[in-house]
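A.B. asks: A single structure is presented below for examination.
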2 protein chains.
Amino acid sequence: VIDASDQNTTHPAVPVVSELSSSTRLTGTGRDVLRMESQHHQIQNVTLTRGLLSASNTILRDCVGSRGALVVYSSSVARLYGRQIRDYFESQVSEPANFMVVDRAESSKSMAAVIEVCERAADVGLGRTSPIIAIGGGVCSDISGLAASLYRRGVPHINIPTTLIGLIDAGIGTKTAVNHGGRKSALGAFHPPEHSLLDAGFLVTLPRRHLRNGLAEIIKLATVSSPELFTLLARDVSTLTSSNFQTPSRTAERVILLSVNGMLTELSHNLFETADYRRKVDFGHTFSPYFEVASGHAILHGEAVALDIALSSQIATILGILTEEDLDQILSLIQESGLSLSWGAMSVDTLWASLPAVAKHRDGDLNLVVPVGIGACDYLGMGAISPQLLRAGHERLQQRSHGTSTFSADRLDVSV
Amino acid sequence: VIDASDQNTTHPAVPVVSELSSSTRLTGTGRDVLRMESQHHQIQNVTLTRGLLSASNTILRDCVGSRGALVVYSSSVARLYGRQIRDYFESQVSEPANFMVVDRAESSKSMAAVIEVCERAADVGLGRTSPIIAIGGGVCSDISGLAASLYRRGVPHINIPTTLIGLIDAGIGTKTAVNHGGRKSALGAFHPPEHSLLDAGFLVTLPRRHLRNGLAEIIKLATVSSPELFTLLARDVSTLTSSNFQTPSRTAERVILLSVNGMLTELSHNLFETADYRRKVDFGHTFSPYFEVASGHAILHGEAVALDIALSSQIATILGILTEEDLDQILSLIQESGLSLSWGAMSVDTLWASLPAVAKHRDGDLNLVVPVGIGACDYLGMGAISPQLLRAGHERLQQRSHGTSTFSADRLDVSV
């Protein structure tokens, strides 16, 4: 059992400053800046800001410096922010930048799209030290990140996520990948962004369902590693959701800061996933691939993570390692976020059959992450679970789902 | 001026053991093993051996361990060693391996070839910790190395070079790349091999011209950083060349050990080429791209490096920073190796015009490496050279070329 209390911030506004290992440090160099020096040759800077594209905000300008840049954004970002982005670069950045629109569909996350970005970089003569800048969601970030890792054996990548999942997960992660030959994330690289610039203002234009998609990852982190984050969410999640993370503004900022800090802390322990397959960040990611695939991707990643969190927690309670009270808190938070606890069409047999493939990705052991309290977790091997246990968990969640009705209109009703 | 004396081995058989920097160490853990712990997350092991594919040699078996493997080799390796390789894996390695032949032509060094290797890895279900093993020349090593870096965001790469340039340069380097859109090495990655297994026995079947191709890189290292290596070559280069590096066997082994050690030492200083653009290993690599391109690649890389070494050294003598005696030693070594000092068709104007592009790759400064003695070098900026200087250097080399006649029959006569 790992207790997470030492990873929570006690100071109200400054992120954790701790000696994580001999070669990895997380330091707070200002109110909104997290800086991670990793074992890797690159240093990862994460900056939280507001009004990133306003003329008075110099952060992006300072990150680019006197370098040329290739700015890659999705078609929806082009529509909503294209003018602002071009204006900012024209008026603020000394070297002229080049711009490129990529498709944001998951099906476009291909090697062909990556090579297109590399070709554009070559055509505009992007130098070895000049950055490829991604402004958009996960697809845009993955395509441009992998392109940045390949073009001339690697140029800097600057990540500006515009989705909640990007702000607290994909946009600060070190992994980039594309799908290939029907295999998800078949080809990719570990290429930590030089800078991740996080502005929750972009969330105003994010469709509500995609907001919840990111919320599931925050609930994940809160449950296994941060009682403070859990408490904030439990108190304000309805308002945060209905305001697209704009109010209460201090809570929204704090939630994002704690989430980013938690994610970086977990990442820094095992940056290249070589050290250990017992990872807190895998909470919610054992059963979730089944839900995504079995629903033909009608269930979004975050929605599947929420279903996994509910099932993993329910299993922990059945096994007697999570109290009914803590389980109720976790399930209530999922429901108040407008996410589902269970999927009516779930097949226990197919879910069970999907687990060896997950274990294979973890070098043979399932390492199912289960909460053992709010902010603490443990890991279960294949031997600890069974189809009977999965069925019992699923049935209890189905009962609870039907007894409540917190689903909002714009959410996919996956529970029927 | 950088003096290289501290980087030369004084002990007759054990490689340099030195503290290179706080995060990079080069240690000799045995007579034939060099081990480099880099800033990168991976550790690079370089092992020099003989009879790698004989049943009594356990090195490759030990490297693979109980992992599955995808073994990639070129068509010529398949023809010469295919049976031996399959026999070795079948009789020595516990897990069944898969085999794949790739084209060895430079024109096949493409992203398409890389993706083919990744697809084969996926088809055979290669695990995250299982290696892709390259047995062949530079093209095979590049294609499989880049595939290893991309497949599932990176699996281990084991490199078994069969050419001299592979043994002392490409096979132990950290860089992999393919050509794209008419641009050389346009896409690639820094992916240090987990193991490089070096067996000079493979050189028996190497065409003489390709042997000389590798010899140029050894002359490069000897000239700027190792008087011991230079002395060995000056004494035995004719015998080494005519025997395909089989006799004198102790000299051949020592030359390879010193070359590998020198290369790793240079690499370890600047593993990702981010720290500094003043690199000894760039000696012979400033004018050489011109010779390769202008000859339509009729001049091989190593032949172009030799032409560059001759011209750079001649320039240093004209500038008064290299004595006539040292110049004579360098040029004699090139000639005794059967390499050319100058190319009759060289255009000073085109060569001069090619230099800004080289400087761009070095972040704006040319950093022309010139010897200032045997085992020491300095760096010249654009301002220090001129078309007139290039012409004067070229003319002196042409005179010397025509005055001697050490060219062997099977060498491309690039000096006429």
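Just remember, in the structure tokens the first chain shown is A, the second B, etc., residues are 1-based per chain, and ligands are 1-based in the order shown.
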Determine, using only C-alpha atoms, which residues of chain A have any atom at most 10 Å from an atom of chain B, and tabulate each with its shortest atom pair and distance in Å to one decimal place, rows ordered by chain and then rising number, as a Markdown table.
C.D. replies:
```
| residue | atom | partner | partner_atom | distance |
| --- | --- | --- | --- | --- |
| A:Ser23 | CA | B:Ser23 | CA | 9.2 |
| A:Ser38 | CA | B:His41 | CA | 9.7 |
| A:Gln39 | CA | B:His41 | CA | 6.4 |
| A:His40 | CA | B:His40 | CA | 5.3 |
| A:His41 | CA | B:His40 | CA | 6.3 |
| A:Gln42 | CA | B:His40 | CA | 9.6 |
| A:Met111 | CA | B:Ile115 | CA | 9.1 |
| A:Ile115 | CA | B:Leu187 | CA | 8.8 |
| A:Cys118 | CA | B:Leu187 | CA | 7.9 |
| A:Glu119 | CA | B:Gly181 | CA | 7.6 |
| A:Ala122 | CA | B:Ala186 | CA | 8.1 |
| A:Asp123 | CA | B:Gly181 | CA | 9.9 |
| A:Gly127 | CA | B:Lys360 | CA | 7.9 |
| A:Arg128 | CA | B:His361 | CA | 7.3 |
| A:Thr129 | CA | B:Asp363 | CA | 8.1 |
| A:Leu146 | CA | B:Leu150 | CA | 9.4 |
| A:Ala147 | CA | B:Leu187 | CA | 8.8 |
| A:Ala148 | CA | B:Leu187 | CA | 9.8 |
| A:Ser149 | CA | B:Ala189 | CA | 6.9 |
| A:Leu150 | CA | B:Gly188 | CA | 4.9 |
| A:Tyr151 | CA | B:Leu187 | CA | 4.9 |
| A:Arg152 | CA | B:Ala186 | CA | 5.2 |
| A:Arg153 | CA | B:Gly188 | CA | 4.3 |
| A:Gly154 | CA | B:Ala189 | CA | 6.5 |
| A:Lys175 | CA | B:Arg153 | CA | 7.8 |
| A:Thr176 | CA | B:Arg153 | CA | 7.8 |
| A:Ala177 | CA | B:Arg153 | CA | 7.1 |
| A:Val178 | CA | B:Arg153 | CA | 9.8 |
| A:His180 | CA | B:Glu119 | CA | 8.5 |
| A:Gly181 | CA | B:Glu119 | CA | 7.6 |
| A:Arg183 | CA | B:Ala122 | CA | 8.8 |
| A:Lys184 | CA | B:Arg152 | CA | 9.6 |
| A:Ser185 | CA | B:Arg152 | CA | 7.0 |
| A:Ala186 | CA | B:Arg152 | CA | 5.3 |
| A:Leu187 | CA | B:Tyr151 | CA | 4.9 |
| A:Gly188 | CA | B:Arg153 | CA | 4.3 |
| A:Ala189 | CA | B:Arg153 | CA | 4.3 |
| A:Phe190 | CA | B:Arg153 | CA | 6.3 |
| A:His191 | CA | B:Arg153 | CA | 9.6 |
| A:Leu271 | CA | B:His41 | CA | 9.0 |
| A:Phe272 | CA | B:His41 | CA | 7.6 |
| A:Thr274 | CA | B:His41 | CA | 8.8 |
| A:Lys360 | CA | B:Gly127 | CA | 8.0 |
| A:His361 | CA | B:Arg128 | CA | 7.3 |
| A:Arg362 | CA | B:Arg128 | CA | 8.9 |
| A:Asp363 | CA | B:Arg128 | CA | 7.7 |
```
A.B. asks: Could you name the residues that touch range 370-384 of chain A at 9 Å or less, counting only C-alpha atoms, but leaving out those on the same chain fewer than 3 positions away, as a PyMOL selection string?
C.D. replies: chain A and resi 1-5+221-228+230+278-280+283-284+309+312-313+315-317+321-323+326-327+329-330+355-356+359+365-367
A.B. asks: Could you pull the residues within 7 Å of Gly137 in chain B, counting only C-alpha atoms, minus those fewer than 5 positions along the same chain, as JSON, numbers by chain?
C.D. replies: {"B": [161, 162, 163, 166]}
A.B. asks: Keeping only N, CA, C and O atoms, write the selected residues to a file as a PDB file, in the first residue's frame.
C.D. replies:
```pdb
ATOM      1  N   PRO B 161      27.556  -5.004 -36.601  1.00  0.00           N
ATOM      2  CA  PRO B 161      28.021  -4.482 -37.892  1.00  0.00           C
ATOM      3  C   PRO B 161      28.913  -5.494 -38.611  1.00  0.00           C
ATOM      4  O   PRO B 161      29.683  -6.215 -37.975  1.00  0.00           O
ATOM      5  N   THR B 162      28.805  -5.527 -39.921  1.00  0.00           N
ATOM      6  CA  THR B 162      29.617  -6.440 -40.731  1.00  0.00           C
ATOM      7  C   THR B 162      30.577  -5.692 -41.646  1.00  0.00           C
ATOM      8  O   THR B 162      31.263  -6.303 -42.443  1.00  0.00           O
ATOM      9  N   THR B 163      30.591  -4.357 -41.534  1.00  0.00           N
ATOM     10  CA  THR B 163      31.519  -3.551 -42.333  1.00  0.00           C
ATOM     11  C   THR B 163      32.503  -2.858 -41.392  1.00  0.00           C
ATOM     12  O   THR B 163      32.235  -2.733 -40.186  1.00  0.00           O
ATOM     13  N   GLY B 166      30.996   0.193 -39.953  1.00  0.00           N
ATOM     14  CA  GLY B 166      30.047  -0.186 -38.909  1.00  0.00           C
ATOM     15  C   GLY B 166      30.755  -0.530 -37.611  1.00  0.00           C
ATOM     16  O   GLY B 166      30.328  -0.120 -36.524  1.00  0.00           O
TER      17      GLY B 166
END
```
A.B. asks: Set the distance at 12 Å and use only C-alpha atoms: which residues neighbour Met346 in chain A once local chain neighbours fewer than 6 positions away are removed? I'd like the list as a PyMOL selection string.
C.D. replies: chain A and resi 287-288+290-295+299+304+307-308+311+352+390-391+393-395+397-398+414-416
A.B. asks: If DSSP is run on the backbone, what residues of range 28-254 of chain A are helix (DSSP H, G or I)? A reply as a ChimeraX atom specification would be ideal.
C.D. replies: /A:59-64,75-92,106-108,111-123,138-150,164-170,200-205,208-225,227-242,249-254
A.B. asks: When distances are computed from only C-alpha atoms, which of A:Pro192, A:Leu233, A:Ala298, A:Arg67 shows the smallest separation from Leu258 in chain A?
C.D. replies: A:Leu233
A.B. asks: Excluding Pro131 in chain B and residues on its chain fewer than 2 positions from it, collect all residues at most 8 Å away from it, counting only C-alpha atoms, and give them as a short mmCIF file (atom, residue, chain, number, x, y, z; two decimals) with all heavy atoms, in the first residue's frame.
C.D. replies:
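So the final result, stored in around-v3.cif, reads:
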```cif
data_model
loop_
_atom_site.label_atom_id
_atom_site.label_comp_id
_atom_site.auth_asym_id
_atom_site.auth_seq_id
_atom_site.Cartn_x
_atom_site.Cartn_y
_atom_site.Cartn_z
N VAL B 64 20.84 -11.71 -25.79
CA VAL B 64 19.41 -11.90 -26.08
C VAL B 64 18.68 -12.42 -24.85
O VAL B 64 17.56 -12.00 -24.56
CB VAL B 64 19.22 -12.87 -27.28
CG1 VAL B 64 17.74 -13.13 -27.53
CG2 VAL B 64 19.88 -12.30 -28.53
N ARG B 67 14.63 -13.48 -24.17
CA ARG B 67 13.70 -12.64 -24.93
C ARG B 67 13.52 -13.15 -26.36
O ARG B 67 14.44 -13.74 -26.92
CB ARG B 67 14.22 -11.20 -24.97
CG ARG B 67 14.45 -10.58 -23.61
CD ARG B 67 15.05 -9.19 -23.71
NE ARG B 67 16.41 -9.18 -24.25
CZ ARG B 67 17.14 -8.08 -24.40
NH1 ARG B 67 16.63 -6.90 -24.07
NH2 ARG B 67 18.36 -8.14 -24.88
N GLY B 68 12.36 -12.91 -26.93
CA GLY B 68 12.20 -13.11 -28.35
C GLY B 68 12.99 -12.05 -29.07
O GLY B 68 13.41 -11.06 -28.47
N ALA B 69 13.23 -12.22 -30.37
CA ALA B 69 14.00 -11.22 -31.11
C ALA B 69 13.56 -11.20 -32.56
O ALA B 69 13.09 -12.20 -33.10
CB ALA B 69 15.49 -11.54 -31.02
N LEU B 70 13.69 -10.02 -33.15
CA LEU B 70 13.53 -9.90 -34.60
C LEU B 70 14.91 -9.60 -35.17
O LEU B 70 15.51 -8.56 -34.85
CB LEU B 70 12.54 -8.79 -34.96
CG LEU B 70 12.39 -8.50 -36.47
CD1 LEU B 70 11.90 -9.72 -37.23
CD2 LEU B 70 11.43 -7.33 -36.69
N THR B 129 10.22 -5.42 -24.41
CA THR B 129 11.61 -5.51 -23.95
C THR B 129 12.45 -6.39 -24.87
O THR B 129 13.62 -6.64 -24.59
CB THR B 129 11.67 -6.08 -22.53
OG1 THR B 129 11.00 -7.36 -22.52
CG2 THR B 129 10.96 -5.17 -21.54
N ILE B 133 17.46 -6.94 -33.77
CA ILE B 133 18.89 -7.16 -33.96
C ILE B 133 19.26 -6.91 -35.41
O ILE B 133 18.68 -7.51 -36.31
CB ILE B 133 19.27 -8.61 -33.57
CG1 ILE B 133 18.84 -8.90 -32.12
CG2 ILE B 133 20.77 -8.86 -33.76
CD1 ILE B 133 19.08 -10.34 -31.67
N ALA B 148 13.46 0.21 -34.28
CA ALA B 148 13.52 -0.11 -32.84
C ALA B 148 13.15 1.09 -31.99
O ALA B 148 12.54 0.95 -30.93
CB ALA B 148 14.91 -0.61 -32.47
N VAL B 155 12.01 -0.19 -28.55
CA VAL B 155 12.45 -1.47 -27.99
C VAL B 155 13.97 -1.51 -28.12
O VAL B 155 14.55 -0.70 -28.85
CB VAL B 155 11.81 -2.68 -28.74
CG1 VAL B 155 10.30 -2.71 -28.51
CG2 VAL B 155 12.13 -2.66 -30.22
N PRO B 156 14.64 -2.41 -27.41
CA PRO B 156 16.11 -2.45 -27.49
C PRO B 156 16.61 -2.76 -28.90
O PRO B 156 15.95 -3.48 -29.65
CB PRO B 156 16.48 -3.58 -26.53
CG PRO B 156 15.32 -3.73 -25.61
CD PRO B 156 14.12 -3.39 -26.43
N HIS B 157 17.75 -2.21 -29.21
CA HIS B 157 18.38 -2.44 -30.50
C HIS B 157 19.75 -3.08 -30.24
O HIS B 157 20.52 -2.60 -29.43
CB HIS B 157 18.55 -1.11 -31.24
CG HIS B 157 19.06 -1.25 -32.63
ND1 HIS B 157 19.97 -0.40 -33.19
CD2 HIS B 157 18.78 -2.15 -33.59
CE1 HIS B 157 20.24 -0.77 -34.42
NE2 HIS B 157 19.53 -1.83 -34.69
N ILE B 158 20.01 -4.20 -30.91
CA ILE B 158 21.33 -4.83 -30.84
C ILE B 158 21.95 -4.72 -32.22
O ILE B 158 21.33 -5.08 -33.21
CB ILE B 158 21.23 -6.31 -30.39
CG1 ILE B 158 20.68 -6.39 -28.95
CG2 ILE B 158 22.60 -6.99 -30.48
CD1 ILE B 158 20.51 -7.81 -28.42
#
```
A.B. asks: Near Ser74 in chain A, counting only C-alpha atoms, which residues have an atom at most 9 Å away, once you skip same-chain residues fewer than 5 positions from it, shown as JSON, numbers by chain?
C.D. replies: {"A": [79, 100, 101, 102, 103, 104, 134, 135, 136, 137, 139, 140]}
A.B. asks: From the list B:Ser141, B:Ser238, B:Thr265, B:Gln314, which residue is nearest Ala252 in chain B when using only C-alpha atoms?
C.D. replies: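 Selected residue with least distance to Ala252 in chain B: B:Ser238.
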A.B. asks: In Å, with one decimal, what is the gap from CA of Phe99 in chain A to CA of Glu194 in chain A?
C.D. replies: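 Atom-to-atom, CA of Phe99 in chain A and CA of Glu194 in chain A are spaced 19.1 Å apart.
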A.B. asks: Which is closer to Pro207 in chain A than all the others in A:Ser76, A:Ser94, A:Ser130, A:Thr231, using only C-alpha atoms?
C.D. replies: A:Ser76
A.B. asks: Separation of CA of Ser242 in chain A and CA of Arg400 in chain A, in Å?
C.D. replies: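 Those two atoms sit 23.6 Å apart.
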A.B. asks: Compile the contact shell of Gly173 in chain A as a list in words: residues with an atom at most 8 Å away, counting only C-alpha atoms, same-chain residues fewer than 2 positions apart removed.
C.D. replies: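 The residues that qualify are Asp169, Ala170, Gly171, Lys175, Pro192, Pro193, Leu264 and Leu267 of chain A.
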